[in-house]
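Structure data (mmCIF, C-alpha atoms) from structure25.cif:
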```cif
data_my_file
#
loop_
_atom_site.group_PDB
_atom_site.id
_atom_site.type_symbol
_atom_site.label_atom_id
_atom_site.label_comp_id
_atom_site.auth_asym_id
_atom_site.auth_seq_id
_atom_site.Cartn_x
_atom_site.Cartn_y
_atom_site.Cartn_z
ATOM 1 C CA MET A 1 0.000 0.000 0.000
ATOM 2 C CA GLY A 2 1.440 3.327 -1.070
ATOM 3 C CA ALA A 3 4.290 2.059 -3.254
ATOM 4 C CA GLY A 4 2.773 3.490 -6.436
ATOM 5 C CA LYS A 5 1.375 0.317 -7.983
ATOM 6 C CA THR A 6 -1.660 1.980 -9.542
ATOM 7 C CA THR A 7 0.179 5.125 -10.625
ATOM 8 C CA ILE A 8 3.028 3.212 -12.248
ATOM 9 C CA GLY A 9 0.821 0.379 -13.520
ATOM 10 C CA ARG A 10 -1.504 2.719 -15.386
ATOM 11 C CA VAL A 11 1.392 4.388 -17.221
ATOM 12 C CA LEU A 12 3.082 1.031 -17.865
ATOM 13 C CA ALA A 13 -0.093 -0.292 -19.497
ATOM 14 C CA ARG A 14 -0.370 2.829 -21.651
ATOM 15 C CA GLU A 15 3.264 2.494 -22.757
ATOM 16 C CA LEU A 16 2.726 -1.192 -23.581
ATOM 17 C CA GLY A 17 -0.550 -0.469 -25.396
ATOM 18 C CA VAL A 18 -2.565 -2.836 -23.194
ATOM 19 C CA GLU A 19 -5.458 -2.548 -20.759
ATOM 20 C CA PHE A 20 -4.850 -1.616 -17.131
ATOM 21 C CA TYR A 21 -6.777 -3.101 -14.233
ATOM 22 C CA ASP A 22 -6.476 -2.015 -10.627
ATOM 23 C CA LEU A 23 -7.794 -5.051 -8.763
ATOM 24 C CA ASP A 24 -9.505 -2.943 -6.087
ATOM 25 C CA TRP A 25 -11.269 -0.835 -8.724
ATOM 26 C CA TYR A 26 -12.277 -3.994 -10.569
ATOM 27 C CA ILE A 27 -13.771 -5.422 -7.367
ATOM 28 C CA GLU A 28 -15.638 -2.184 -6.684
ATOM 29 C CA ASP A 29 -17.041 -2.176 -10.221
ATOM 30 C CA ARG A 30 -18.112 -5.820 -10.092
ATOM 31 C CA PHE A 31 -19.719 -5.563 -6.651
ATOM 32 C CA HIS A 32 -21.047 -1.991 -7.035
ATOM 33 C CA LYS A 33 -19.555 -1.163 -3.637
ATOM 34 C CA LYS A 34 -16.452 0.583 -2.366
ATOM 35 C CA ILE A 35 -13.735 -1.544 -0.747
ATOM 36 C CA PRO A 36 -14.454 -0.104 2.743
ATOM 37 C CA GLU A 37 -18.099 -1.203 2.373
ATOM 38 C CA ILE A 38 -17.034 -4.713 1.365
ATOM 39 C CA PHE A 39 -14.652 -4.826 4.356
ATOM 40 C CA ALA A 40 -17.419 -3.626 6.690
ATOM 41 C CA GLU A 41 -19.902 -6.196 5.402
ATOM 42 C CA ASN A 42 -17.579 -9.193 5.024
ATOM 43 C CA GLY A 43 -14.590 -8.508 7.268
ATOM 44 C CA GLU A 44 -11.045 -8.907 6.015
ATOM 45 C CA GLU A 45 -11.408 -12.670 5.555
ATOM 46 C CA GLY A 46 -14.481 -12.259 3.369
ATOM 47 C CA PHE A 47 -12.841 -9.496 1.394
ATOM 48 C CA ARG A 48 -9.724 -11.618 0.792
ATOM 49 C CA GLU A 49 -11.865 -14.433 -0.623
ATOM 50 C CA ILE A 50 -13.594 -12.009 -3.001
ATOM 51 C CA GLU A 51 -10.207 -10.536 -3.921
ATOM 52 C CA ARG A 52 -8.850 -14.017 -4.718
ATOM 53 C CA LYS A 53 -11.778 -14.819 -7.002
ATOM 54 C CA MET A 54 -11.490 -11.491 -8.808
ATOM 55 C CA LEU A 55 -7.708 -11.952 -9.193
ATOM 56 C CA HIS A 56 -8.369 -15.244 -10.964
ATOM 57 C CA GLU A 57 -10.976 -13.568 -13.152
ATOM 58 C CA VAL A 58 -8.709 -10.678 -14.188
ATOM 59 C CA ALA A 59 -5.778 -13.036 -14.765
ATOM 60 C CA GLU A 60 -7.756 -14.684 -17.546
ATOM 61 C CA PHE A 61 -7.750 -11.461 -19.558
ATOM 62 C CA GLU A 62 -5.077 -11.253 -22.244
ATOM 63 C CA ASP A 63 -2.508 -8.489 -22.602
ATOM 64 C CA VAL A 64 -3.163 -6.607 -19.374
ATOM 65 C CA VAL A 65 -1.293 -4.932 -16.563
ATOM 66 C CA VAL A 66 -2.855 -5.647 -13.171
ATOM 67 C CA SER A 67 -2.152 -3.691 -10.014
ATOM 68 C CA CYS A 68 -3.159 -5.681 -6.969
ATOM 69 C CA GLY A 69 -3.604 -4.528 -3.415
ATOM 70 C CA GLY A 70 -0.681 -4.736 -1.021
ATOM 71 C CA GLY A 71 -2.227 -7.695 0.788
ATOM 72 C CA THR A 72 -3.202 -9.666 -2.298
ATOM 73 C CA PRO A 73 0.036 -11.692 -2.621
ATOM 74 C CA CYS A 74 -0.106 -12.685 1.060
ATOM 75 C CA PHE A 75 -3.292 -14.731 1.056
ATOM 76 C CA PHE A 76 -4.123 -18.158 -0.290
ATOM 77 C CA ASP A 77 -1.751 -19.105 -3.115
ATOM 78 C CA ASN A 78 -2.123 -15.699 -4.780
ATOM 79 C CA VAL A 79 1.580 -14.890 -5.252
ATOM 80 C CA ASP A 80 2.295 -18.297 -6.780
ATOM 81 C CA TYR A 81 -0.767 -17.953 -8.987
ATOM 82 C CA MET A 82 0.321 -14.502 -10.184
ATOM 83 C CA ASN A 83 3.825 -15.788 -10.957
ATOM 84 C CA ALA A 84 2.309 -18.616 -12.997
ATOM 85 C CA GLN A 85 0.135 -16.199 -14.977
ATOM 86 C CA GLY A 86 2.723 -13.623 -16.013
ATOM 87 C CA GLU A 87 5.468 -11.257 -15.002
ATOM 88 C CA THR A 88 5.296 -10.021 -11.417
ATOM 89 C CA VAL A 89 7.066 -6.934 -10.138
ATOM 90 C CA TYR A 90 7.482 -5.982 -6.496
ATOM 91 C CA LEU A 91 7.793 -2.235 -5.993
ATOM 92 C CA ASN A 92 10.153 -2.141 -3.029
ATOM 93 C CA ALA A 93 9.702 1.105 -1.116
ATOM 94 C CA ALA A 94 11.204 2.003 2.243
ATOM 95 C CA PRO A 95 8.745 2.550 5.102
ATOM 96 C CA SER A 96 9.449 6.305 4.977
ATOM 97 C CA VAL A 97 8.499 6.379 1.275
ATOM 98 C CA LEU A 98 5.298 4.423 1.902
ATOM 99 C CA LYS A 99 4.366 6.747 4.758
ATOM 100 C CA GLU A 100 4.947 9.843 2.638
ATOM 101 C CA HIS A 101 2.891 8.438 -0.257
ATOM 102 C CA LEU A 102 0.061 7.394 2.059
ATOM 103 C CA LEU A 103 -0.025 10.764 3.784
ATOM 104 C CA MET A 104 -0.127 12.450 0.344
ATOM 105 C CA GLY A 105 -2.909 10.141 -0.870
ATOM 106 C CA LYS A 106 -6.399 11.497 -0.912
ATOM 107 C CA SER A 107 -8.368 8.233 -0.927
ATOM 108 C CA GLN A 108 -9.462 6.410 2.196
ATOM 109 C CA ARG A 109 -7.950 3.000 2.768
ATOM 110 C CA PRO A 110 -9.818 0.764 5.217
ATOM 111 C CA LEU A 111 -6.750 -0.730 6.862
ATOM 112 C CA ILE A 112 -5.242 2.666 7.755
ATOM 113 C CA HIS A 113 -8.327 4.864 8.151
ATOM 114 C CA GLY A 114 -8.116 6.984 11.295
ATOM 115 C CA LYS A 115 -4.516 6.125 12.172
ATOM 116 C CA THR A 116 -2.240 8.855 13.503
ATOM 117 C CA PRO A 117 1.093 9.341 11.657
ATOM 118 C CA GLU A 118 2.805 7.349 14.422
ATOM 119 C CA GLU A 119 0.254 4.532 14.204
ATOM 120 C CA LEU A 120 0.586 4.588 10.420
ATOM 121 C CA GLU A 121 4.353 4.198 10.692
ATOM 122 C CA ALA A 122 3.955 1.258 13.100
ATOM 123 C CA TYR A 123 1.369 -0.336 10.802
ATOM 124 C CA ILE A 124 3.665 0.028 7.777
ATOM 125 C CA ASN A 125 6.583 -1.567 9.620
ATOM 126 C CA GLU A 126 4.447 -4.457 10.918
ATOM 127 C CA SER A 127 2.874 -5.039 7.509
ATOM 128 C CA LEU A 128 6.193 -5.017 5.677
ATOM 129 C CA THR A 129 7.708 -7.463 8.134
ATOM 130 C CA ALA A 130 4.792 -9.863 7.680
ATOM 131 C CA ARG A 131 4.404 -9.410 3.926
ATOM 132 C CA LEU A 132 8.019 -9.265 2.765
ATOM 133 C CA PRO A 133 8.385 -13.067 2.375
ATOM 134 C CA PHE A 134 5.467 -13.000 -0.076
ATOM 135 C CA TYR A 135 6.647 -9.882 -1.898
ATOM 136 C CA LYS A 136 10.104 -11.388 -2.378
ATOM 137 C CA LYS A 137 8.511 -14.219 -4.376
ATOM 138 C CA ALA A 138 7.808 -11.781 -7.234
ATOM 139 C CA LYS A 139 9.839 -12.484 -10.349
ATOM 140 C CA HIS A 140 11.271 -8.951 -10.367
ATOM 141 C CA THR A 141 11.950 -6.226 -7.805
ATOM 142 C CA ILE A 142 12.562 -2.542 -8.351
ATOM 143 C CA ASP A 143 13.360 0.007 -5.677
ATOM 144 C CA ILE A 144 10.936 2.915 -5.425
ATOM 145 C CA ASP A 145 11.611 6.342 -3.963
ATOM 146 C CA VAL A 146 9.076 9.107 -3.357
ATOM 147 C CA ILE A 147 7.225 9.827 -6.595
ATOM 148 C CA HIS A 148 6.936 13.574 -7.133
ATOM 149 C CA THR A 149 6.798 14.029 -10.911
ATOM 150 C CA LYS A 150 5.726 12.408 -14.155
ATOM 151 C CA GLU A 151 9.417 11.949 -14.905
ATOM 152 C CA ASP A 152 9.758 9.852 -11.733
ATOM 153 C CA ILE A 153 6.894 7.652 -12.914
ATOM 154 C CA MET A 154 8.428 7.254 -16.391
ATOM 155 C CA GLN A 155 11.776 6.283 -14.871
ATOM 156 C CA TYR A 156 10.114 3.365 -13.056
ATOM 157 C CA VAL A 157 8.023 2.392 -16.085
ATOM 158 C CA LYS A 158 11.140 2.234 -18.276
ATOM 159 C CA GLN A 159 12.924 0.195 -15.621
ATOM 160 C CA ILE A 160 10.049 -2.300 -15.490
ATOM 161 C CA MET A 161 9.897 -2.526 -19.279
ATOM 162 C CA SER A 162 13.603 -3.315 -19.394
ATOM 163 C CA ILE A 163 13.440 -6.063 -16.753
ATOM 164 C CA ILE A 164 10.422 -7.755 -18.327
ATOM 165 C CA HIS A 165 12.163 -7.470 -21.704
ATOM 166 C CA VAL A 166 9.599 -5.427 -23.580
#
```
Let me see the file written as structure tokens.
Amino acid sequence: MGAGKTTIGRVLARELGVEFYDLDWYIEDRFHKKIPEIFAENGEEGFREIERKMLHEVAEFEDVVVSCGGGTPCFFDNVDYMNAQGETVYLNAAPSVLKEHLLMGKSQRPLIHGKTPEELEAYINESLTARLPFYKKAKHTIDIDVIHTKEDIMQYVKQIMSIIHV
């Protein structure tokens, strides 16, 4: 959460001339509800099951870039499934970068809603510690710094295109 998956993914898809899907947006469109509503109604466990099913659905599309939520690779066999379906890229951002991006972000995220900056920092550190073993299973890793400009985004897009050999 906060690494820039959607921002970079959207531009990557445009550069590749393919469709872009943000998995959270796809879920919201399919269920006609916002992610926080789905969380509230189903809890995290219920949401993760929906997320898994929608990941499998989107993975069947051809020639797409998919940005998944930060927790997606950590549940069920999702990371192994994603690796089997295509190229996977982990956007490795330091906790300070994630915090800055999340504080800049305007959208509400159910897992961090209402947290103070200190609580947010603790949450980021805990989440990264727990999730890193899953993230490291991605086929490729690129290091992300704070994204301030379109040029920053293009730098990461070009880096991804070079490592996936496009």
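Take the PyMOL selection byres ((chain A and resi 77) around 12) and apply it to this file: it picks Arg48, Glu49, Arg52, Lys53, Leu55, His56, Thr72, Pro73, Cys74, Phe75, Phe76, Asn78, Val79, Asp80, Tyr81, Met82, Asn83, Ala84, Phe134 and Lys137 of chain A.
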Would you work out the distance separating CA of Glu51 (chain A) from CA of Ala94 (chain A), expressed in Å to one decimal?
25.6 Å
What does the PyMOL selection byres ((chain A and resi 95) around 9) select in this file, as a count of residues only?
11
Point-to-point distance from CA of Lys115 (chain A) to CA of Leu103 (chain A), Å rounded to tenths:
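Value for the CA of Lys115 (chain A)-CA of Leu103 (chain A) distance: 10.6 Å.
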Shell of 12 Å around Phe31 (chain A), only C-alpha atoms, local chain residues under 4 positions omitted, as a CSV table (one decimal) with C-alpha atoms, keeping the file's coordinate frame:
```csv
chain,number,residue,atom,x,y,z
A,24,ASP,CA,-9.5,-2.9,-6.1
A,25,TRP,CA,-11.3,-0.8,-8.7
A,26,TYR,CA,-12.3,-4.0,-10.6
A,27,ILE,CA,-13.8,-5.4,-7.4
A,35,ILE,CA,-13.7,-1.5,-0.7
A,37,GLU,CA,-18.1,-1.2,2.4
A,38,ILE,CA,-17.0,-4.7,1.4
A,47,PHE,CA,-12.8,-9.5,1.4
A,50,ILE,CA,-13.6,-12.0,-3.0
A,51,GLU,CA,-10.2,-10.5,-3.9
A,54,MET,CA,-11.5,-11.5,-8.8
```
One residue among A:Met154, A:Ile144, A:Ala122, A:Ala130 is nearest to Leu91 (chain A) when using all atoms listed in the file, and that residue is A:Ile144
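Excluding Asp22 (chain A) itself and any same-chain residue fewer than 4 positions from it, the protein and nucleic acid residues within 8 Å of it, counting only C-alpha atoms, are Thr6, Tyr26, Val66, Ser67 and Cys68 of chain A.
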Give me a file of those residues, with C-alpha atoms, as a short mmCIF file (atom, residue, chain, number, x, y, z; two decimals), in the frame of the given file.
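Okay, this is what ended up in selection19.cif:
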```
data_model
loop_
_atom_site.label_atom_id
_atom_site.label_comp_id
_atom_site.auth_asym_id
_atom_site.auth_seq_id
_atom_site.Cartn_x
_atom_site.Cartn_y
_atom_site.Cartn_z
CA THR A 6 -1.66 1.98 -9.54
CA TYR A 26 -12.28 -3.99 -10.57
CA VAL A 66 -2.86 -5.65 -13.17
CA SER A 67 -2.15 -3.69 -10.01
CA CYS A 68 -3.16 -5.68 -6.97
#
```
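Our summary of the geometry notes that CA of Val89 (chain A) is positioned 5.7 Å from CA of Ala138 (chain A).
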Could you list, as a JSON list (two decimals) with C-alpha atoms, keeping the file's coordinate frame, every residue matched by the PyMOL selection byres ((chain A and resi 16-18) around 9) in this structure?
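part.json, freshly written:
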```
[["chain", "number", "residue", "atom", "x", "y", "z"],
["A", 11, "VAL", "CA", 1.39, 4.39, -17.22],
["A", 12, "LEU", "CA", 3.08, 1.03, -17.86],
["A", 13, "ALA", "CA", -0.09, -0.29, -19.50],
["A", 14, "ARG", "CA", -0.37, 2.83, -21.65],
["A", 15, "GLU", "CA", 3.26, 2.49, -22.76],
["A", 19, "GLU", "CA", -5.46, -2.55, -20.76],
["A", 20, "PHE", "CA", -4.85, -1.62, -17.13],
["A", 62, "GLU", "CA", -5.08, -11.25, -22.24],
["A", 63, "ASP", "CA", -2.51, -8.49, -22.60],
["A", 64, "VAL", "CA", -3.16, -6.61, -19.37],
["A", 65, "VAL", "CA", -1.29, -4.93, -16.56],
["A", 161, "MET", "CA", 9.90, -2.53, -19.28],
["A", 166, "VAL", "CA", 9.60, -5.43, -23.58]]
```
Nearest to Lys158 (chain A): which of A:Gly114, A:Gly4, A:Gly9, A:Gly71 is it, counting all atoms listed in the file?
A:Gly9
Residue nearest Phe61 (chain A) - candidates A:Gly43, A:Pro36, A:Tyr21, A:Leu132, atoms counted: all atoms listed in the file:
A:Tyr21
Provide an axis-aligned box for all listed atoms of region 82-87 of chain A, padding each side by 3 Å; report its centre and its edge lengths in Å to one decimal, as AutoDock Vina command-line options.
```
--center_x 2.8 --center_y -14.9 --center_z -13.1 --size_x 11.3 --size_y 13.4 --size_z 11.8
```
From the set A:Ile142, A:Ile164, A:Ile153, A:Leu120, which residue has the shortest atom-to-atom contact distance to Glu87 (chain A), counting only C-alpha atoms?
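Closest residue, counting only C-alpha atoms: A:Ile164.
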In terms of the shortest atom-to-atom distance over all atoms listed in the file, which of A:Thr149, A:Asn92, A:Asn42, A:Gln85 is closest to Glu60 (chain A)?
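Closest candidate: A:Gln85.
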